[in-house]
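Asks: Next up is a structure, given as structure tokens.
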Amino acid sequence: MKKGVYWVLLAIIIFAAFLRLYRLGEIPVGLHRDEAFLGYNAYSILKTGRDITGAWYPIHLRSFLYSPAGYSYASIPFIAMLDLSAFSVRLASAFSGTLTIFVTFLLLLTLFRDDKYRHILALAGSFLLAISPWHINLSRTATENSLATLLITSGTLLFLLARKKYAYLLTSYCLFFISLITYQAPRAFLPLFIPFLIVLFRKNRSIRLTSIAVILYVALILLPTTVILRSPKLSLRLSTVSLFATPQTQLVLEEQIREDGTAAINPLLARIFHNKMIGYGEEFLRIYFQHFSFDFLFTDNGLPSRYRVPGSGLLYLIELPLIIYGAFCLARKKSPAMRLIFAWVLLAPVGSSLAFDDVPNLQRTMLIFPAVTSLSAYGLISLLSMKSKYRFYLILSMLTFIFAYQFTSYLHDYYVHQIVHRPWFRQEGYKELVEKVNALLPNYEKAIITNSESGSAILFLFYSKYDPGIFINETHTENDIAFDRINFSHFEFTTADCPLTEIITVDEVTGKKTVTYTGKPNILYVNSGRCETPKTKATLLGEIRRHDQSPVFQILTSE
């Protein structure tokens, strides 16, 4: 039995790896600026030992709003073997996503060790994770959440196995700690989640082991998180998206208080009903429960837009009844495994709910795996574990057909529709632009490039494989740097959409029109594809289009 189970598991993992590696460098189309920042910093650390700001082996990337550097370090072996490319940078995420499926299998075996269907349940959970649209989508992009999910899942597994083994417990906390320097979301999740682990499974451990778990929790989780949150620099990324940084809630409160004043309500009474605790609490809950909404989980309305697959939800629609039934069946057991899975699901959206941008956010809540997969798998096995063979084969046939249809529909949406559906969110066109500009540049003094698509400088660095040592020397004297458009070598980046354009002025007295041009000879210009090409004194050398044939860049020179 066990030998057959592991052969099936191997087949699931191979299939999952194929889903995450097939055309990985091409799809998703384009390379988002966030992927480029993580990848080029990894390339810089590999070549020089420093990130692109010149910091030696940093834990946080100053060029990327002090985001954790863990993913960049994870990418270094793949870049060292395969050179810098979209494929090599995304490979760490795809590898992490595939490995998470194996760890999830072991985790479910451990959680349900007393269940007679534990092997089938673990296989079902691994398979559902392998074909999950949510998990496939994010495992195919160079983002930190896939790696963080693997670290948290592995840490949880080792924590459960550490009944008498101190090495397992220490390794567990080390993995949790590494997740803190890999992604922002664990900094909100782990300080709340680990106490549940300690309390729920304290009966299986000695007082000494539980005490060590508490000490490690304080030393490796609470203290680092506190240091990060108290540091203006290290918390910069968090503060820019924090729910408390947006003035919207405060404006609503002020409006309500003014309206109470107009109605001559006692100011003290007005403050009881309209205060920051109530206002921000309501906003937090509104965002929190959006993460469990039908629109977020089962339609293509998840954010950020660059991760959307048109026509497909994060989960398959057939999983909705399975999750509900699985939660119902599991709740009846009242076991530590049940409490752990429920706590995992309920705590996962907390970090995302403390932000105001791109919510509900499918990226920040990816660490909800494998808990949600466990519920779906438990519901599936509970349905199939009926004594009636007729019902078993009927339900199995129906579920197989529905899953097959929804899975193939998702693949169609991903590989056909996503390529041409709203492609402007992924900085598509930069690879072709960099190749053409680098080919033309030897004949010109310099290139002036629009930053209209965002991240132009980091994408030119990435696709040019520009020597990071030279870049650091060129920019080390700069203090306040916008690294997505910093000038280097013969490249100058501008916020203007149309750096080469004609300007028409009309004399108010005579009505005479005068045409002037912003361009100079012997300079290469890159305009946004939305710009109108100057009719005279400019030559169009090339045009870059997206897969949907919409123009994204114009390459021009001035006469």
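Letters A, B, ... mark the chains of the structure tokens in the order given; residue numbers begin at 1 per chain; ligand numbers begin at 1, in order shown.
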Write out as a PyMOL selection string the residues lying within 10 Å of segment 401-408 of chain A, counting only C-alpha atoms and excluding same-chain residues fewer than 6 positions away.

Replies: chain A and resi 128+131-133+312+315-319+395+414

Asks: So which residues touch His135 of chain A within 9 Å, counting only C-alpha atoms, skipping near sequence neighbours fewer than 6 positions away, as a ChimeraX atom specification?

Replies: /A:97,129,146,314,366,369

Asks: Put those residues in a file: N, CA and C atoms, as an mmCIF file, in the first residue's frame.

Replies:
data_model
loop_
_atom_site.group_PDB
_atom_site.id
_atom_site.type_symbol
_atom_site.label_atom_id
_atom_site.label_comp_id
_atom_site.auth_asym_id
_atom_site.auth_seq_id
_atom_site.Cartn_x
_atom_site.Cartn_y
_atom_site.Cartn_z
ATOM 1 N N GLY A 97 7.229 26.088 -5.136
ATOM 2 C CA GLY A 97 5.846 25.658 -5.271
ATOM 3 C C GLY A 97 5.729 24.153 -5.426
ATOM 4 N N LEU A 129 -3.511 20.680 -4.496
ATOM 5 C CA LEU A 129 -2.540 21.772 -4.484
ATOM 6 C C LEU A 129 -1.778 21.829 -5.801
ATOM 7 N N SER A 146 5.659 32.331 -2.721
ATOM 8 C CA SER A 146 5.778 30.887 -2.930
ATOM 9 C C SER A 146 6.855 30.295 -2.018
ATOM 10 N N LEU A 314 -9.435 31.833 -8.124
ATOM 11 C CA LEU A 314 -8.263 31.311 -7.425
ATOM 12 C C LEU A 314 -8.435 29.834 -7.093
ATOM 13 N N MET A 366 -1.367 33.966 -0.023
ATOM 14 C CA MET A 366 -1.041 32.647 -0.569
ATOM 15 C C MET A 366 -0.640 31.657 0.527
ATOM 16 N N PHE A 369 -2.353 28.329 1.981
ATOM 17 C CA PHE A 369 -2.041 26.938 1.652
ATOM 18 C C PHE A 369 -1.065 26.430 2.697
#

Asks: Skip Gly4 of chain A itself and residues of its chain fewer than 4 positions away, then list as a list in words all residues within 12 Å of it, counting only C-alpha atoms.

Replies: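 Residues meeting the cut-off are Val8, Leu9, Leu10, Ala11, His119, Ile120 and Leu123 of chain A.
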
Asks: Kindly save the residues from that selection, with C-alpha atoms included, as an mmCIF file, in the first residue's frame.

Replies:
data_model
loop_
_atom_site.group_PDB
_atom_site.id
_atom_site.type_symbol
_atom_site.label_atom_id
_atom_site.label_comp_id
_atom_site.auth_asym_id
_atom_site.auth_seq_id
_atom_site.Cartn_x
_atom_site.Cartn_y
_atom_site.Cartn_z
ATOM 1 C CA VAL A 8 1.349 8.100 -6.978
ATOM 2 C CA LEU A 9 2.904 10.967 -5.025
ATOM 3 C CA LEU A 10 5.899 10.957 -7.374
ATOM 4 C CA ALA A 11 3.553 11.149 -10.367
ATOM 5 C CA HIS A 119 -2.589 8.229 2.915
ATOM 6 C CA ILE A 120 -5.440 8.839 0.476
ATOM 7 C CA LEU A 123 -2.519 12.294 -1.772
#

Asks: Identify, on the basis of only C-alpha atoms, every residue whose closest approach to Asp34 of chain A does not exceed 10 Å; exclude the query and any residue fewer than 2 positions from it along the same chain; express the result as a list in words.

Replies: Leu31, His32, Ala36, Phe37, Leu38, Gly39, Phe64, Thr141, Ala142, Thr143, Arg426, Gly455, Ile458, Leu459 and Asp484 of chain A

Asks: What is the atom CA of Phe78 of chain A-atom CA of Val103 of chain A distance in Å, reported with one decimal?

Replies: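 The value is 21.4 Å.
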
Asks: I'd like the neighbourhood of Phe471 of chain A as an NGL selection string, where a residue qualifies if any of its atoms comes within 10 Å (using only C-alpha atoms), though same-chain residues fewer than 6 positions away should be ignored.

Replies: :A and (44 or 52-54 or 461 or 487-489)

Asks: Let me see the file: selected residues, C-alpha atoms, as a PDB file, in the first residue's frame.

Replies:
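The result, written out as again-v3.pdb:
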ATOM      1  CA  SER A  44      24.491  41.709  -8.294  1.00  0.00           C
ATOM      2  CA  ILE A  52      22.683  47.325  -6.430  1.00  0.00           C
ATOM      3  CA  THR A  53      22.946  50.001  -3.707  1.00  0.00           C
ATOM      4  CA  GLY A  54      26.374  48.676  -2.734  1.00  0.00           C
ATOM      5  CA  LEU A 461      19.718  46.593 -16.236  1.00  0.00           C
ATOM      6  CA  ASN A 487      20.416  57.053 -15.109  1.00  0.00           C
ATOM      7  CA  PHE A 488      23.451  54.894 -15.887  1.00  0.00           C
ATOM      8  CA  SER A 489      25.927  54.418 -18.724  1.00  0.00           C
TER       9      SER A 489
END

Asks: Using DSSP on the backbone, list every residue of segment 56-155 of chain A that comes out as strand (DSSP E), and give them as JSON, numbers by chain.

Replies: {"A": [60, 61, 67, 68]}

Asks: Applying 7 Å and only C-alpha atoms, which residues near segment 175-178 of chain A remain after dropping the ones on its own chain fewer than 2 positions away? List them as a PyMOL selection string.

Replies: chain A and resi 151-152+155+171-173+180-182+220-221

Asks: State, in Å with one decimal place, the distance from atom CA of Leu109 of chain A to atom CA of Phe95 of chain A.

Replies: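 If I compute the distance from atom CA of Leu109 of chain A to atom CA of Phe95 of chain A, I get 21.9 Å.
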
Asks: Step one, run DSSP on the backbone; step two, keep only residues of segment 182-296 of chain A assigned to helix (DSSP H, G or I); then write them as a PyMOL selection string.

Replies: chain A and resi 186-200+202-204+207-230+236-241+243-245+248-262+267-273+276-290+294-296

Asks: Which residues, written as a PyMOL selection string, have at least one atom at most 8 Å from Leu65 of chain A, with only C-alpha atoms counted and residues fewer than 2 positions away on the same chain left out?

Replies: chain A and resi 61-63+67+236-237

Asks: Which residue out of A:Tyr517, A:Tyr525, A:Phe328, A:Phe356 has the minimum interatomic distance to Phe493 of chain A when only C-alpha atoms are used?

Replies: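 Looking only at the distances to Phe493 of chain A, the closest residue turns out to be A:Tyr525.
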